[in-house]
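Colleague: First the structure, then my questions, so here it is.
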Amino acid sequence: MLHTDVAIVGAGPAGLALALMLAARGCRVTLLERQDDEMLACPANDGREIALTHKSVRLLQSLGSWQRLKPEEQSSLQSAQVVDGDSSSSLDFDTRGRGPLGFIAPNAAIRRVLYEAVREDSNIQLLPNSKVIGTRCETSRRLVQLEGGQVVTAALLVAADSRFSEVRRMAGIGADMRDFGRVAVLGPVRTEREHGGVARECFRYGSTLALLPMSDAQTCSAVVTVSASCAEEMMAYSDREFAAHVQRESAGALGTVEAFSRRHCYPLVAVYAHRFLAERFALVGDAAVGMHPVTAHGFNLGLAGANTLASQLHNVTRLYQPAGLSLALSRYQAQHRLDSHPIYTGTNRVVDLFTDDRLPAKLLRRAILRISEHFPPVRRAIVHQLTR
C-alpha cells in the first residue's frame, strides 16, 4: 500500500500544474496516469493550439514551465477579430499598443514542459500505466484502488481525468453535459500574407472558422467547426480541398491558403459537474468544467481552478485537519463556481446564437456585433479580462 498526501488522477495540464503547486507547499503528491512514461515525456501533437491569458502564463512561469518552451512553440496574440455571416465589417479586440492580448502554444508542448518540471520535483511521484478502478473513504484517508491490485491512500484525492471523468462518477458526482452535435476539425495552413498575430473568428452560415496565429508569420492553425454529420467528409478532404474551404470561409483575408500536415477531429461536448467536491475529494480541470473552445477559456479556467484549490489548501497541515480540509474544499468550490459558471453559460449562449442560421438569429447576431463595435466599454472589459 502506497501512502501519500494528495493523489491526483490524470497527468494532463491541470493535473500536472496542480501537482507542482501542491508540491511547492510541502505536499507529497502521487500522480496516477493511464499513459506510459514515454508518451508523457513526448506527447504526440494533437493539433490543438492553446490560447493563454497573461495570468495563465504567469502561473506557468511560476511553475518553471513556460521558460522551457522552445521559441517556435510560443507566439504572441496581438489582437482578435470576429466576423459574422457575410458581413464585411468586424469586431476587433486589441490592447492599443500596450503589449499582446495573450499568447498561443501547442497543447502537446505545454504538457511536455509541465511533465519535465514534475519529473524534477522530489515531492512528486508519478505512476504511469495506472488505471483507477475504485475509491472510498476510510477513517481519515481516501483509498484508491488501482487495476492490478495496488492501493494508494491519500488525505485528498483529486480527479483531473478529462471531462468524461470516470473517477468523478466513482465519487458519486454527476455532471450536466451539452453535446453540441458539432465537431472541430483542426489543421495547420500556410498563408500568402502574414497573420500579424491576429486571431480571426469567422462565424459563417453552416460552419465556423478560427485562424490562430502561430510562431511562423505565415502559418496558422485552422479550426473548422461543422455539424457532426459532415465530420467524415471534412476529414476526407484533400489538402487542396481543405485549403480552399479555409480560404473561402476567411474571405481571402490572408490571401491564398495551403494546407499541410495531419488534421485532427474532436467532438464538441461541454460539461459542468454538479459539485466540485466530495469527502476528501475534489475535481479540477475538465473534470470540473469542460468548455466549448470558441471563447478559448477551457485551459485557462483549468489552470485557475488548480491554483484556487492549491491556495485554499495552503499547506500540507490543512490536509490532516478534517474541519480545515472541508472548509478549504468548500471555499474552492464557491470560488471556482464564481469564476467558471458565468463564462460557461455565456459561452454556451454565444455558441447557440452564432451557430443558429435562422433569420431572427442572424439579425440578432449582427445587432450584437454592431452594438459591441460602437460601444468601447464592452471591448475594453473583454480585453481587461484577458490581459490582467
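Note on naming: chains are A, B, ... as they come in the C-alpha cells, residues start from 1 per chain, ligands start from 1 in the order shown.
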Do a neighbour search on segment 245-252 of chain A at 8 Å with only C-alpha atoms, toss out local chain neighbours closer than 2 positions, and write the hits as a list in words.
Modeller: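 What passes the distance filter is Cys202, Arg204, Thr208, Leu209, Ala222, Val224, Glu241, Phe242, Ala243, Leu254, Gly255, Thr256 and Val257 of chain A.
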Colleague: For the residues in the current selection, export C-alpha atoms as a JSON list (two decimals), in the first residue's frame.
Modeller:
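Wrote it out as out14.json, contents follow:
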[["chain", "number", "residue", "atom", "x", "y", "z"],
["A", 202, "CYS", "CA", -15.42, 33.78, -38.69],
["A", 204, "ARG", "CA", -20.24, 31.82, -41.25],
["A", 208, "THR", "CA", -17.32, 28.39, -38.17],
["A", 209, "LEU", "CA", -13.64, 29.07, -38.87],
["A", 222, "ALA", "CA", -7.22, 26.44, -38.85],
["A", 224, "VAL", "CA", -13.21, 24.44, -38.75],
["A", 241, "GLU", "CA", -9.93, 20.97, -50.69],
["A", 242, "PHE", "CA", -9.33, 21.83, -47.04],
["A", 243, "ALA", "CA", -7.24, 24.87, -48.02],
["A", 254, "LEU", "CA", -4.71, 36.23, -45.71],
["A", 255, "GLY", "CA", -4.56, 35.56, -49.44],
["A", 256, "THR", "CA", -4.13, 32.10, -50.86],
["A", 257, "VAL", "CA", -4.01, 29.21, -48.39]]
Colleague: Name the residues of segment 77-225 of chain A that fall into strand (DSSP E or B) according to DSSP on the backbone, using the chain letters and numbers of this document, as a VMD selection string.
Modeller: chain A and resid 77 79 to 84 91 to 94 102 to 106 124 to 127 132 to 138 141 to 146 151 to 159 175 to 191 198 to 203 208 to 213 219 to 225
Colleague: Have a look at A:Leu301, A:Ala287, A:Met214, A:Ile343 and name the one nearest to Asp161 of chain A; count only C-alpha atoms.
Modeller: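 Comparing A:Leu301, A:Ala287, A:Met214, A:Ile343 against Asp161 of chain A, the winner is A:Ala287.
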Colleague: Using Å and a single decimal, report how far atom CA of Gly134 of chain A sits from atom CA of Ala24 of chain A.
Modeller: 28.3 Å
Colleague: What lies within 10 Å of Arg275 of chain A using only C-alpha atoms, ignoring chain neighbours under 6 positions off, as number ranges by chain?
Modeller: A: 168, 172-175, 282-283, 288, 333-334, 337
Colleague: Grab the residues selected above and save them as a tab-separated table (two decimals), in the first residue's frame with C-alpha atoms.
Modeller:
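Done, and the output landed in again-v8.tsv:
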chain	number	residue	atom	x	y	z
A	168	ARG	CA	-15.87	11.72	-10.88
A	172	GLY	CA	-20.91	9.81	-7.00
A	173	ILE	CA	-20.79	13.21	-8.70
A	174	GLY	CA	-22.89	13.77	-11.79
A	175	ALA	CA	-22.47	16.42	-14.46
A	282	ALA	CA	-12.09	17.39	-5.46
A	283	LEU	CA	-12.43	17.97	-9.20
A	288	ALA	CA	-14.94	20.03	-13.17
A	333	GLN	CA	-15.92	25.13	-4.91
A	334	ALA	CA	-17.52	28.52	-4.21
A	337	ARG	CA	-18.11	28.30	-9.46
Colleague: Would you kindly return, as an MDAnalysis selection string, each protein, DNA or RNA residue with an atom no farther than 12 Å from any atom of Ala19 of chain A, considering only C-alpha atoms and excluding same-chain residues fewer than 2 positions away?
Modeller: chainID A and resid 5:17 21:32 63 114:115 117:126 157:160 284 303 306:307 309:310
Colleague: Residues within 7 Å of Val223 of chain A, please, as a PyMOL selection string. Count only C-alpha atoms; anything in the same chain fewer than 4 positions from it doesn't count.
Modeller: chain A and resi 184-187+209-211
Colleague: Between A:Pro43, A:Gly64, A:Gly148, A:Gly85, single out the one closest to Arg112 of chain A, counting only C-alpha atoms.
Modeller: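 Nearest candidate to Arg112 of chain A out of A:Pro43, A:Gly64, A:Gly148, A:Gly85: A:Pro43.
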